[in-house]
>>> print(open('structure-v4.cif').read())   # mmCIF, C-alpha atoms and all ligand atoms
data_entry
#
loop_
_atom_site.label_atom_id
_atom_site.label_comp_id
_atom_site.auth_asym_id
_atom_site.auth_seq_id
_atom_site.Cartn_x
_atom_site.Cartn_y
_atom_site.Cartn_z
CA SER A 16 -0.52 60.67 -67.63
CA VAL A 17 -0.74 64.22 -66.29
CA ALA A 18 1.91 66.71 -65.16
CA GLY A 19 3.25 65.68 -61.75
CA CYS A 20 2.33 62.00 -62.32
CA VAL A 21 2.94 60.08 -59.09
CA ARG A 22 3.38 56.34 -59.42
CA GLU A 23 1.52 54.36 -56.82
CA GLU A 24 1.93 50.60 -56.31
CA GLY A 25 -0.92 48.52 -57.71
CA SER A 26 -3.55 51.12 -58.52
CA GLY A 27 -1.49 53.48 -60.71
CA CYS A 28 -1.13 57.21 -60.23
CA ILE A 29 -3.70 59.01 -58.07
CA LEU A 30 -3.50 62.16 -60.15
CA CYS A 31 -3.98 60.25 -63.40
CA ARG A 32 -6.89 58.35 -61.92
CA LYS A 33 -8.57 61.56 -60.74
CA TRP A 34 -8.01 63.06 -64.16
CA ARG A 35 -9.53 60.00 -65.87
CA ASP A 36 -12.54 60.00 -63.50
CA MET A 37 -13.18 63.67 -64.23
CA ASP A 38 -12.87 63.00 -67.97
CA TRP A 39 -15.42 60.23 -67.64
CA CYS A 40 -17.80 62.51 -65.73
CA VAL A 41 -17.50 65.06 -68.54
CA SER A 42 -18.19 62.44 -71.21
CA MET A 43 -21.38 61.29 -69.48
CA PRO A 44 -24.62 63.10 -70.52
CA LYS A 45 -25.99 65.13 -67.63
CA ILE A 46 -29.10 67.01 -66.60
CA GLU A 47 -28.84 70.32 -64.76
CA LEU A 48 -31.91 71.43 -62.83
CA HIS A 49 -30.56 74.03 -60.40
CA ALA A 50 -28.42 76.70 -62.04
CA HIS A 51 -28.83 80.46 -61.52
CA LEU A 52 -27.99 82.48 -64.61
CA ASN A 53 -26.11 85.27 -62.82
CA GLY A 54 -24.25 82.76 -60.67
CA SER A 55 -23.00 80.84 -63.69
CA ILE A 56 -21.07 83.59 -65.49
CA ARG A 57 -17.47 82.96 -66.57
CA ASP A 58 -14.93 84.83 -64.41
CA SER A 59 -13.27 86.11 -67.60
CA THR A 60 -16.55 87.70 -68.74
CA LEU A 61 -17.24 89.24 -65.33
CA LEU A 62 -13.73 90.71 -65.28
CA GLU A 63 -14.07 92.06 -68.81
CA LEU A 64 -17.44 93.67 -68.05
CA ALA A 65 -16.17 95.07 -64.73
CA ARG A 66 -13.11 96.53 -66.46
CA GLU A 67 -15.38 98.27 -69.01
CA LEU A 68 -17.55 99.68 -66.23
CA GLY A 69 -14.38 100.79 -64.44
CA GLU A 70 -13.26 102.67 -67.57
CA LYS A 71 -16.65 104.43 -67.69
CA GLY A 72 -16.19 105.43 -64.04
CA ALA A 73 -19.25 103.48 -62.88
CA ILE A 74 -17.20 101.26 -60.51
CA ILE A 75 -13.63 101.08 -59.27
CA PHE A 76 -12.21 98.02 -61.02
CA SER A 77 -9.39 97.36 -58.55
CA ASP A 78 -11.97 97.19 -55.73
CA VAL A 79 -14.00 94.47 -57.43
CA GLU A 80 -11.32 92.42 -59.20
CA HIS A 81 -10.30 90.43 -56.11
CA VAL A 82 -13.94 90.03 -55.08
CA ILE A 83 -14.71 88.38 -58.43
CA LEU A 84 -11.70 86.07 -58.23
CA LYS A 85 -12.36 84.92 -54.68
CA SER A 86 -13.88 81.44 -54.63
CA ASP A 87 -14.72 80.73 -50.98
CA ARG A 88 -17.56 82.82 -49.65
CA ALA A 89 -19.83 82.42 -46.63
CA LEU A 90 -23.55 82.49 -47.40
CA ASN A 91 -24.13 86.18 -46.63
CA GLU A 92 -21.06 87.17 -48.65
CA VAL A 93 -22.46 85.26 -51.62
CA PHE A 94 -25.48 87.54 -51.71
CA LYS A 95 -23.22 90.62 -51.61
CA MET A 96 -21.40 89.09 -54.58
CA PHE A 97 -24.72 88.79 -56.43
CA ASP A 98 -25.42 92.48 -55.81
CA LEU A 99 -22.08 93.23 -57.45
CA ILE A 100 -22.76 90.87 -60.36
CA HIS A 101 -26.15 92.51 -60.93
CA VAL A 102 -24.46 95.92 -61.18
CA ILE A 103 -22.11 94.47 -63.80
CA THR A 104 -24.81 92.71 -65.85
CA THR A 105 -27.65 95.26 -65.90
CA ASP A 106 -28.36 95.94 -69.57
CA HIS A 107 -30.20 93.82 -72.13
CA LYS A 108 -27.14 93.22 -74.32
CA THR A 109 -25.13 91.87 -71.38
CA VAL A 110 -27.99 89.67 -70.18
CA ALA A 111 -28.18 88.11 -73.67
CA ARG A 112 -24.41 87.65 -73.79
CA ILE A 113 -24.08 85.92 -70.43
CA THR A 114 -27.02 83.65 -71.26
CA LYS A 115 -25.36 82.57 -74.51
CA GLU A 116 -22.06 81.85 -72.78
CA VAL A 117 -23.65 79.98 -69.88
CA ILE A 118 -25.45 77.66 -72.32
CA GLU A 119 -22.27 77.12 -74.31
CA ASP A 120 -20.43 76.20 -71.12
CA PHE A 121 -23.07 73.72 -69.96
CA ALA A 122 -23.18 72.17 -73.44
CA ALA A 123 -19.38 71.84 -73.45
CA ASP A 124 -19.72 69.94 -70.18
CA ASN A 125 -22.14 67.54 -71.93
CA VAL A 126 -25.22 68.82 -70.18
CA VAL A 127 -28.02 67.64 -72.48
CA TYR A 128 -30.92 69.28 -70.63
CA LEU A 129 -30.53 72.57 -68.78
CA GLU A 130 -33.23 74.17 -66.67
CA LEU A 131 -31.75 77.61 -66.20
CA ARG A 132 -33.29 79.85 -63.60
CA THR A 133 -33.15 83.62 -63.38
CA THR A 134 -34.94 86.48 -61.61
CA PRO A 135 -36.71 88.82 -64.04
CA LYS A 136 -35.49 92.30 -63.11
CA ARG A 137 -37.03 95.70 -63.58
CA ASN A 138 -34.52 98.50 -64.01
CA ASP A 139 -35.99 101.84 -65.08
CA SER A 140 -32.57 103.42 -65.71
CA LYS A 141 -31.97 100.81 -68.44
CA ALA A 142 -35.58 100.86 -69.71
CA MET A 143 -35.77 97.28 -68.54
CA SER A 144 -38.98 95.59 -67.46
CA LYS A 145 -39.26 92.06 -66.11
CA ARG A 146 -40.59 91.09 -69.52
CA SER A 147 -37.81 92.74 -71.52
CA TYR A 148 -35.25 91.11 -69.19
CA VAL A 149 -36.64 87.65 -69.98
CA GLU A 150 -36.80 88.54 -73.68
CA ALA A 151 -33.07 89.35 -73.51
CA VAL A 152 -32.47 85.94 -71.91
CA LEU A 153 -34.48 84.26 -74.70
CA GLU A 154 -32.52 86.29 -77.26
CA GLY A 155 -29.30 84.99 -75.70
CA ILE A 156 -30.55 81.41 -75.94
CA ARG A 157 -31.47 81.87 -79.59
CA SER A 158 -28.07 83.36 -80.38
CA VAL A 159 -26.16 80.20 -79.39
CA ASN A 160 -24.56 78.77 -82.51
CA SER A 161 -21.95 76.35 -81.24
CA VAL A 162 -24.54 73.71 -80.39
CA GLU A 163 -28.06 72.77 -81.44
CA VAL A 164 -30.51 74.29 -78.95
CA ASP A 165 -34.04 73.07 -78.34
CA LEU A 166 -36.03 75.84 -76.71
CA SER A 167 -39.70 74.91 -76.24
CA GLY A 168 -39.70 72.48 -79.12
CA GLU A 169 -38.58 75.28 -81.38
CA LEU A 170 -35.34 73.88 -82.78
CA LYS A 171 -32.52 76.22 -83.55
CA THR A 172 -29.73 74.73 -85.58
CA GLY A 173 -26.39 76.47 -85.68
CA ALA A 174 -23.01 75.56 -87.09
CA PHE A 175 -22.00 72.71 -84.79
CA ALA A 176 -18.69 73.15 -83.09
CA HIS A 177 -16.69 70.00 -82.71
CA SER A 178 -13.91 71.65 -80.82
CA HIS A 179 -14.80 70.17 -77.44
CA SER A 180 -13.11 66.90 -76.62
CA VAL A 181 -16.45 65.31 -75.76
CA ASP A 182 -18.43 66.30 -78.83
CA GLY A 183 -20.78 63.81 -80.38
CA LEU A 184 -20.86 61.52 -77.41
CA CYS A 185 -24.22 62.25 -75.93
CA ASN A 186 -26.79 61.92 -78.67
CA GLY A 187 -25.04 59.27 -80.65
CA ILE A 188 -25.33 61.05 -84.00
CA GLY A 189 -22.07 62.90 -83.96
CA SER A 190 -23.37 66.32 -83.02
CA LYS A 191 -24.37 68.02 -79.81
CA LYS A 192 -27.77 69.18 -78.77
CA ILE A 193 -28.96 70.80 -75.59
CA TYR A 194 -32.51 71.31 -74.37
CA VAL A 195 -32.83 74.63 -72.58
CA ARG A 196 -35.82 75.55 -70.45
CA LEU A 197 -36.28 78.52 -68.12
CA LEU A 198 -37.50 78.83 -64.57
CA LEU A 199 -38.43 82.36 -63.49
CA SER A 200 -37.20 83.07 -59.97
CA ILE A 201 -38.86 85.13 -57.29
CA ASP A 202 -36.22 86.78 -55.11
CA ARG A 203 -37.00 86.81 -51.38
CA ARG A 204 -36.36 90.57 -51.38
CA GLU A 205 -39.34 91.11 -53.68
CA THR A 206 -42.84 92.26 -52.76
CA ALA A 207 -45.97 90.13 -53.13
CA GLU A 208 -46.90 92.23 -56.21
CA ALA A 209 -43.51 91.72 -57.86
CA ALA A 210 -43.76 87.98 -57.18
CA MET A 211 -47.20 87.90 -58.81
CA GLU A 212 -45.84 89.82 -61.82
CA THR A 213 -43.17 87.13 -62.26
CA VAL A 214 -45.76 84.35 -62.14
CA GLU A 215 -47.96 86.16 -64.69
CA LEU A 216 -44.93 86.58 -66.94
CA ALA A 217 -44.14 82.89 -66.65
CA MET A 218 -47.72 82.08 -67.70
CA GLU A 219 -47.43 84.38 -70.73
CA LEU A 220 -44.14 82.80 -71.78
CA LYS A 221 -45.18 79.18 -71.29
CA ASP A 222 -44.94 78.51 -75.01
CA PHE A 223 -41.53 80.17 -75.26
CA GLY A 224 -39.43 77.97 -73.03
CA VAL A 225 -40.54 78.96 -69.51
CA VAL A 226 -41.49 75.82 -67.59
CA GLY A 227 -41.76 76.81 -63.95
CA ILE A 228 -41.17 79.05 -60.95
CA ASP A 229 -38.41 79.14 -58.34
CA LEU A 230 -38.24 80.91 -54.98
CA CYS A 231 -34.68 81.94 -54.18
CA GLY A 232 -32.55 84.68 -52.63
CA ASN A 233 -30.99 85.32 -49.26
CA PRO A 234 -32.75 82.87 -46.90
CA ASN A 235 -32.32 85.33 -44.02
CA VAL A 236 -34.48 87.88 -45.85
CA GLY A 237 -38.25 87.91 -46.51
CA GLN A 238 -41.23 85.95 -45.29
CA TRP A 239 -42.78 82.83 -46.80
CA LEU A 240 -46.27 84.35 -46.47
CA THR A 241 -45.31 87.22 -48.77
CA PHE A 242 -44.75 84.82 -51.67
CA LEU A 243 -47.46 82.32 -50.89
CA PRO A 244 -50.30 84.02 -52.88
CA ALA A 245 -48.16 84.20 -56.05
CA LEU A 246 -46.96 80.61 -55.58
CA GLU A 247 -50.50 79.36 -54.98
CA PHE A 248 -51.65 81.18 -58.09
CA ALA A 249 -48.82 79.56 -60.08
CA LYS A 250 -49.78 76.15 -58.76
CA LYS A 251 -53.44 76.69 -59.70
CA GLN A 252 -52.33 77.57 -63.21
CA GLY A 253 -50.40 74.31 -63.41
CA LEU A 254 -46.90 75.87 -63.29
CA PRO A 255 -44.43 73.53 -61.53
CA ILE A 256 -42.63 75.11 -58.57
CA THR A 257 -39.28 74.52 -56.94
CA LEU A 258 -38.36 76.20 -53.65
CA HIS A 259 -35.04 76.95 -52.00
CA CYS A 260 -35.83 75.22 -48.75
CA GLY A 261 -33.85 74.93 -45.53
CA GLU A 262 -30.65 76.65 -46.61
CA VAL A 263 -30.61 78.03 -43.06
CA PRO A 264 -32.42 76.69 -39.98
CA ASN A 265 -36.01 77.96 -40.04
CA PRO A 266 -38.28 75.12 -38.85
CA VAL A 267 -41.58 76.97 -39.30
CA GLU A 268 -40.81 77.98 -42.85
CA ILE A 269 -39.37 74.58 -43.79
CA HIS A 270 -42.52 72.88 -42.57
CA ALA A 271 -44.78 75.34 -44.42
CA MET A 272 -42.75 74.84 -47.60
CA LEU A 273 -43.04 71.06 -47.45
CA ASP A 274 -46.78 71.36 -46.73
CA PHE A 275 -47.07 73.43 -49.90
CA LEU A 276 -46.02 70.32 -51.86
CA PRO A 277 -43.57 71.86 -54.33
CA LYS A 278 -42.54 69.69 -57.28
CA ARG A 279 -38.90 69.91 -56.11
CA ILE A 280 -36.85 71.67 -53.45
CA GLY A 281 -33.29 72.97 -53.53
CA HIS A 282 -30.61 72.46 -50.83
CA ALA A 283 -32.55 71.03 -47.83
CA CYS A 284 -29.50 71.51 -45.59
CA CYS A 285 -31.07 72.39 -42.26
CA LEU A 286 -34.01 70.03 -41.88
CA GLU A 287 -34.91 68.50 -38.52
CA ASP A 288 -35.81 64.83 -38.00
CA GLU A 289 -39.54 65.47 -38.43
CA ASP A 290 -38.91 67.35 -41.70
CA TRP A 291 -36.74 64.55 -43.08
CA LYS A 292 -39.53 62.11 -42.33
CA LEU A 293 -42.09 64.36 -44.02
CA LEU A 294 -39.82 65.00 -47.01
CA LYS A 295 -39.27 61.29 -47.49
CA ARG A 296 -42.93 60.45 -47.07
CA LEU A 297 -43.90 63.09 -49.62
CA GLU A 298 -41.06 61.94 -51.93
CA ILE A 299 -40.24 65.51 -52.93
CA PRO A 300 -37.11 65.42 -55.12
CA VAL A 301 -34.12 67.36 -53.77
CA GLU A 302 -31.72 69.39 -55.91
CA ILE A 303 -28.35 68.79 -54.25
CA CYS A 304 -25.60 71.40 -54.63
CA LEU A 305 -22.54 69.92 -52.89
CA THR A 306 -19.85 72.50 -53.65
CA SER A 307 -22.20 75.40 -52.97
CA ASN A 308 -23.23 73.97 -49.58
CA ILE A 309 -19.63 73.27 -48.58
CA LYS A 310 -18.17 76.58 -49.77
CA THR A 311 -20.91 78.61 -48.08
CA GLU A 312 -20.35 76.50 -44.93
CA THR A 313 -24.01 75.53 -44.85
CA ILE A 314 -22.68 71.97 -44.56
CA ALA A 315 -19.32 71.38 -42.85
CA SER A 316 -17.89 68.88 -45.37
CA ALA A 317 -18.92 66.39 -48.04
CA ASP A 318 -18.77 63.39 -45.67
CA VAL A 319 -21.52 64.83 -43.44
CA HIS A 320 -23.69 65.98 -46.35
CA HIS A 321 -27.31 64.74 -46.41
CA PHE A 322 -26.66 63.39 -49.93
CA ALA A 323 -25.43 60.18 -48.30
CA ASP A 324 -28.61 59.53 -46.30
CA LEU A 325 -30.97 60.51 -49.12
CA TYR A 326 -29.04 58.40 -51.62
CA LYS A 327 -29.04 55.40 -49.30
CA SER A 328 -32.79 55.80 -48.72
CA ASN A 329 -33.35 55.89 -52.48
CA HIS A 330 -34.91 59.33 -52.12
CA PRO A 331 -35.24 61.22 -55.44
CA LEU A 332 -32.30 63.58 -55.81
CA ILE A 333 -30.51 65.44 -58.55
CA LEU A 334 -26.89 66.66 -58.48
CA CYS A 335 -26.71 70.32 -59.51
CA THR A 336 -24.21 73.19 -59.62
CA ASP A 337 -26.21 76.12 -58.16
CA ASP A 338 -23.73 78.81 -59.26
CA CYS A 339 -20.85 77.32 -61.24
CA GLY A 340 -19.25 80.76 -61.75
CA VAL A 341 -19.45 81.93 -58.15
CA PHE A 342 -18.35 78.54 -56.78
CA SER A 343 -15.88 77.62 -59.57
CA THR A 344 -17.46 74.29 -60.32
CA SER A 345 -19.15 72.36 -63.15
CA LEU A 346 -21.75 69.63 -63.19
CA SER A 347 -19.04 67.09 -64.05
CA ALA A 348 -17.04 68.27 -61.04
CA GLU A 349 -20.13 67.75 -58.84
CA TYR A 350 -20.40 64.15 -60.07
CA ALA A 351 -16.67 63.60 -59.53
CA LEU A 352 -17.03 65.00 -56.01
CA ALA A 353 -20.01 62.74 -55.26
CA SER A 354 -18.04 59.81 -56.62
CA SER A 355 -15.03 60.44 -54.38
CA ALA A 356 -16.98 61.50 -51.28
CA PHE A 357 -19.65 58.77 -51.35
CA GLY A 358 -17.91 56.01 -53.27
CA LEU A 359 -20.18 56.09 -56.32
CA GLY A 360 -18.90 54.04 -59.23
CA LYS A 361 -19.48 54.81 -62.90
CA ARG A 362 -22.64 52.72 -63.00
CA GLU A 363 -24.12 54.56 -60.02
CA MET A 364 -23.17 57.96 -61.43
CA PHE A 365 -24.74 57.14 -64.77
CA GLN A 366 -27.94 55.93 -63.10
CA LEU A 367 -28.08 59.07 -60.96
CA ALA A 368 -27.69 61.30 -64.02
CA GLN A 369 -30.29 59.32 -65.95
CA LYS A 370 -32.81 59.32 -63.10
CA ALA A 371 -32.92 63.14 -63.24
CA ILE A 372 -35.06 62.79 -66.39
CA ASP A 373 -38.02 61.93 -64.15
CA PHE A 374 -37.80 65.28 -62.35
CA ILE A 375 -37.51 67.78 -65.21
CA PHE A 376 -40.35 70.27 -65.69
CA ALA A 377 -40.43 69.92 -69.51
CA SER A 378 -42.85 67.75 -71.49
CA GLU A 379 -43.12 63.98 -71.85
CA ARG A 380 -41.78 64.35 -75.39
CA VAL A 381 -38.55 65.80 -74.01
CA LYS A 382 -38.35 63.02 -71.40
CA GLU A 383 -38.63 60.41 -74.15
CA ASP A 384 -35.89 62.12 -76.19
CA LEU A 385 -33.62 62.26 -73.15
CA LYS A 386 -34.21 58.58 -72.43
CA ALA A 387 -33.02 57.81 -75.95
CA THR A 388 -29.97 60.04 -75.48
CA PHE A 389 -29.00 58.22 -72.29
CA ALA A 390 -29.65 54.81 -73.82
CA SER A 391 -27.32 55.63 -76.70
CA ALA A 392 -24.64 57.04 -74.36
CA HIS A 393 -24.93 53.96 -72.17
CA THR A 394 -23.93 51.74 -75.07
CA LYS A 395 -20.97 53.96 -75.89
CA LEU A 396 -19.72 54.48 -72.37
CA ASN A 397 -19.92 50.86 -71.26
C1 LIG M 401 -30.46 81.23 -52.65
C2 LIG M 401 -29.47 81.93 -54.61
C3 LIG M 401 -28.35 81.12 -54.35
O1 LIG M 401 -31.57 85.19 -60.70
O2 LIG M 401 -29.92 87.04 -61.02
N1 LIG M 401 -29.26 82.57 -55.77
N2 LIG M 401 -30.52 81.98 -53.77
N3 LIG M 401 -29.41 80.45 -52.33
C4 LIG M 401 -28.32 80.38 -53.15
N4 LIG M 401 -27.27 79.62 -52.73
C5 LIG M 401 -25.94 80.01 -52.76
N5 LIG M 401 -27.48 81.26 -55.38
C6 LIG M 401 -28.07 82.14 -56.24
O3 LIG M 401 -29.12 84.75 -60.32
C7 LIG M 401 -28.62 85.20 -59.11
C8 LIG M 401 -29.66 85.08 -58.02
O4 LIG M 401 -29.91 83.70 -57.72
C9 LIG M 401 -30.20 83.53 -56.34
C10 LIG M 401 -30.04 84.89 -55.68
O5 LIG M 401 -31.30 85.48 -55.54
C11 LIG M 401 -29.19 85.65 -56.69
O6 LIG M 401 -29.40 87.06 -56.64
P1 LIG M 401 -30.20 85.58 -61.19
O7 LIG M 401 -29.93 85.13 -62.61
#
>>> encode(input="structure-v4.cif", output="C-alpha cells", more="lines below")
Ligand code: 6MZ
Amino acid sequence: SVAGCVREEGSGCILCRKWRDMDWCVSMPKIELHAHLNGSIRDSTLLELARELGEKGAIIFSDVEHVILKSDRALNEVFKMFDLIHVITTDHKTVARITKEVIEDFAADNVVYLELRTTPKRNDSKAMSKRSYVEAVLEGIRSVNSVEVDLSGELKTGAFAHSHSVDGLCNGIGSKKIYVRLLLSIDRRETAEAAMETVELAMELKDFGVVGIDLCGNPNVGQWLTFLPALEFAKKQGLPITLHCGEVPNPVEIHAMLDFLPKRIGHACCLEDEDWKLLKRLEIPVEICLTSNIKTETIASADVHHFADLYKSNHPLILCTDDCGVFSTSLSAEYALASSAFGLGKREMFQLAQKAIDFIFASERVKEDLKATFASAHTKLN
C-alpha cells in the first residue's frame, strides 16, 4: 500500500491501484518515437546548469528558476521555454551530458527503443556547427554506461546498473539494453538552406545512428514551402520523414503535409473531417502526445482527444512523450493516462506498445530483435 492508502469497498484502495497500474506500465517494454532532446532534460540538470550560468553572470538565476519549475504552459509559452533551454545548453559538453542523461532516463523507464530527435544547431560563439552539435549528441550516446546501448548496430557495452526496480525485465536475459536512433529536426524558424544542410548531414550520418528527418518548431512560424525542397530531397534519398502536423489549425498546410506522404506525423490535433478521412485512407501512423496536447491546451482534455477515435478505427498510432522534461511526464505515465482515460486494459496497452515496432525507422534486424524482446516480456508479464 502507499502513503495515504484509502480503503474502498470491493475494489481495494484507489491510490494503491493507481500505483500498481503505473508500476505495471513501467515494467512493460516500450518504444518511444517522438521525444525532443532539449525537451526531455531533467529539471535538476536544467537548474544546475542555470545556476552555473547565473554565477558567471550570463543569466539571472532567480528570473529563470520559476520558469523551469513551471509545468503548465500554453503552446506559445513552450517555445519561449525552449529558447531559454537553448541558452542553458549551448556548448558541446552540455549537449553530450543531457543526451546521456535523457537516454538513461528512458532506459530506466524500460524504453527498449528510443528514436530521439534534435535540431542540429550552429553557434559560432561556441565554435559549434550543425555537424559538431550532432557529434556531441553521438558522444553523449556513446558515454552511457548504465545500460547497454545499440547505436546503429554498433554495440556499446557498459557496466550494467541493476539499481532500477524494473531491471532485467524487458529482454529476458537479466540485463537492460536500449536501441537509440536519431532523427535530425528542421526547426520551422530555419531557412531553406539550413533545412537542406540538416538533410545533407543526416545523409552523411546514416551509418552512425541517424535514421530520419523531422519537421518541428513553433507551428505559428514559417511556411511549409520553405522546407519542401529539403524534405523532397530527403525523400528522394530514401530518408524517412515525420512531420509535426496540425498542432494548430492550418487547413492548407495540413492538406499539403498529408499529400507529401510522410512516413509518420506527430500530434494531428486540428484536422478537419476531410483530413481525417485522408489520413485514415493513407494509413499514416500518428505519434500521439497526450500530456503535451493537454498541457499546451491544444486539446481541451483527455476524453475529447482524437486518440479515442483513431484507436477505435484501428488507425496506426504510437503513444509518445514529446517533451518529458518540459511537461513532467514519462512514457509509462502516458500509457497510464491512456489506460485511465480510454479504459485500456493491460492486454491492450501491451499490444499498443508492441505495435509501435512496425513504425520505427530503424532496420528490419532491429524490428526482429524488438519482436523477440516483446515476446519474452509477454511471457513474464502475463
Ligand atoms: C513543435 C516542438 C514541440 O531540437 O532543441 N519542439 N515543436 N511542437 C512541440 N510541441 C510542444 N516540442 C518541442 O528540442 C527542442 C525543440 O523541439 C521542438 C522545438 O523546435 C524545440 O525548439 P531540440 O533538441
>>> residues_near_point(input="structure-v4.cif", point="(-13.9, 93.7, -65.9)", cutoff="10 Å", atoms="only C-alpha atoms", output="ChimeraX atom specification")
/A:58-70,74-77,79-80,83,103
>>> closest_residue(input="structure-v4.cif", among="A:Ala123, A:Leu52, A:Leu230, A:Ala249", to="ligand LIG 401 (chain M)", atoms="only C-alpha atoms and all ligand atoms")
A:Leu52
>>> residues_around(input="structure-v4.cif", residues="Ser86 of chain A", least_positions_apart="5", cutoff="8 Å", atoms="only C-alpha atoms", output="compact mmCIF listing (two decimals) with C-alpha atoms, in the coordinates of the input")
# COMPACT_ATOMS: atom_id res chain seq x y z
CA VAL A 341 -19.45 81.93 -58.15
CA PHE A 342 -18.35 78.54 -56.78
CA SER A 343 -15.88 77.62 -59.57
>>> atom_distance(input="structure-v4.cif", atom1="atom CA of Val127 of chain A", atom2="atom CA of Thr388 of chain A")
8.4 Å
>>> closest_residue(input="structure-v4.cif", among="A:Glu130, A:Glu205, A:Glu212, A:Glu312", to="Val117 of chain A", atoms="only C-alpha atoms")
A:Glu130
>>> atom_distance(input="structure-v4.cif", atom1="atom CA of Arg88 of chain A", atom2="atom CA of Ile314 of chain A")
13.0 Å
>>> closest_residue(input="structure-v4.cif", among="A:Gly253, A:Gly155, A:Gly72, A:Pro135", to="Ile201 of chain A", atoms="all atoms listed in the file")
A:Pro135
>>> axis_aligned_box(input="structure-v4.cif", around="ligand LIG 401 (chain M)", padding_each_side="6 Å", output="JSON")
{"center_x": -28.8, "center_y": 83.3, "center_z": -57.5, "size_x": 17.6, "size_y": 19.4, "size_z": 22.3}
>>> atom_distance(input="structure-v4.cif", atom1="atom CA of Gly224 of chain A", atom2="atom CA of Gly261 of chain A")
28.2 Å
>>> closest_residue(input="structure-v4.cif", among="A:Ser307, A:Ser354, A:Gln369, A:Ser144", to="ligand LIG 401 (chain M)", atoms="all atoms listed in the file")
A:Ser307
>>> closest_residue(input="structure-v4.cif", among="A:Gly237, A:Gly54, A:Gly281, A:Pro300", to="ligand LIG 401 (chain M)", atoms="all atoms listed in the file")
A:Gly54
>>> residues_around(input="structure-v4.cif", residues="Lys361 of chain A", least_positions_apart="5", cutoff="9 Å", atoms="all atoms listed in the file", output="PDB file with C-alpha atoms, keeping the file's coordinate frame")
ATOM      1  CA  ASP A  36     -12.540  60.000 -63.500  1.00  0.00           C
ATOM      2  CA  TRP A  39     -15.420  60.230 -67.640  1.00  0.00           C
ATOM      3  CA  CYS A  40     -17.800  62.510 -65.730  1.00  0.00           C
ATOM      4  CA  SER A 354     -18.040  59.810 -56.620  1.00  0.00           C
ATOM      5  CA  GLN A 366     -27.940  55.930 -63.100  1.00  0.00           C
TER       6      GLN A 366
END
>>> closest_residue(input="structure-v4.cif", among="A:Ser345, A:Ser167, A:Asn125, A:Asn91", to="Ser378 of chain A", atoms="only C-alpha atoms")
A:Ser167
>>> residues_around(input="structure-v4.cif", residues="segment 44-49 of chain A", least_positions_apart="3", cutoff="6 Å", atoms="all atoms listed in the file", output="list in words")
Asn125, Val126, Val127, Tyr128, Leu129, Glu130, Cys185, Cys335, Asp337 and Ala368 of chain A
>>> residues_around(input="structure-v4.cif", residues="Val214 of chain A", least_positions_apart="4", cutoff="9 Å", atoms="all atoms listed in the file", output="list in words")
Leu199, Ser200, Ile201, Ala209, Ala210, Met218, Glu219, Gly227, Ile228, Ala245, Leu246, Phe248, Ala249 and Leu254 of chain A
>>> residues_near_point(input="structure-v4.cif", point="(-25.1, 89.5, -57.9)", cutoff="12 Å", atoms="all atoms listed in the file", output="short mmCIF file (atom, residue, chain, number, x, y, z; two decimals) with C-alpha atoms, in the coordinates of the input")
data_model
loop_
_atom_site.label_atom_id
_atom_site.label_comp_id
_atom_site.auth_asym_id
_atom_site.auth_seq_id
_atom_site.Cartn_x
_atom_site.Cartn_y
_atom_site.Cartn_z
CA HIS A 51 -28.83 80.46 -61.52
CA LEU A 52 -27.99 82.48 -64.61
CA ASN A 53 -26.11 85.27 -62.82
CA GLY A 54 -24.25 82.76 -60.67
CA SER A 55 -23.00 80.84 -63.69
CA ILE A 56 -21.07 83.59 -65.49
CA LEU A 61 -17.24 89.24 -65.33
CA VAL A 82 -13.94 90.03 -55.08
CA ILE A 83 -14.71 88.38 -58.43
CA ASN A 91 -24.13 86.18 -46.63
CA GLU A 92 -21.06 87.17 -48.65
CA VAL A 93 -22.46 85.26 -51.62
CA PHE A 94 -25.48 87.54 -51.71
CA LYS A 95 -23.22 90.62 -51.61
CA MET A 96 -21.40 89.09 -54.58
CA PHE A 97 -24.72 88.79 -56.43
CA ASP A 98 -25.42 92.48 -55.81
CA LEU A 99 -22.08 93.23 -57.45
CA ILE A 100 -22.76 90.87 -60.36
CA HIS A 101 -26.15 92.51 -60.93
CA VAL A 102 -24.46 95.92 -61.18
CA ILE A 103 -22.11 94.47 -63.80
CA THR A 104 -24.81 92.71 -65.85
CA THR A 105 -27.65 95.26 -65.90
CA THR A 133 -33.15 83.62 -63.38
CA THR A 134 -34.94 86.48 -61.61
CA LYS A 136 -35.49 92.30 -63.11
CA ASP A 202 -36.22 86.78 -55.11
CA GLY A 232 -32.55 84.68 -52.63
CA ASN A 233 -30.99 85.32 -49.26
CA ASP A 338 -23.73 78.81 -59.26
CA GLY A 340 -19.25 80.76 -61.75
CA VAL A 341 -19.45 81.93 -58.15
#
>>> residues_around(input="structure-v4.cif", residues="His320 of chain A", least_positions_apart="2", cutoff="10 Å", atoms="all atoms listed in the file", output="ChimeraX atom specification")
/A:284,303,305,308-309,313-318,322-325,356-357
>>> decode(input="structure-v4.cif", residues="segment 107-125 of chain A", atoms="C-alpha atoms", output="CSV table (one decimal), in the first residue's frame")
chain,number,residue,atom,x,y,z
A,107,HIS,CA,29.2,20.7,-26.8
A,108,LYS,CA,29.9,19.3,-23.3
A,109,THR,CA,26.4,20.2,-22.1
A,110,VAL,CA,24.8,18.7,-25.2
A,111,ALA,CA,26.7,15.4,-24.6
A,112,ARG,CA,25.7,15.4,-20.9
A,113,ILE,CA,22.0,16.0,-21.5
A,114,THR,CA,21.9,13.3,-24.2
A,115,LYS,CA,23.5,10.8,-21.8
A,116,GLU,CA,21.0,11.6,-19.1
A,117,VAL,CA,18.0,11.5,-21.4
A,118,ILE,CA,18.9,8.0,-22.6
A,119,GLU,CA,19.5,6.9,-19.0
A,120,ASP,CA,16.1,8.2,-18.0
A,121,PHE,CA,14.3,6.5,-20.9
A,122,ALA,CA,16.1,3.2,-20.2
A,123,ALA,CA,15.1,3.4,-16.6
A,124,ASP,CA,11.5,3.7,-17.7
A,125,ASN,CA,12.0,0.5,-19.7
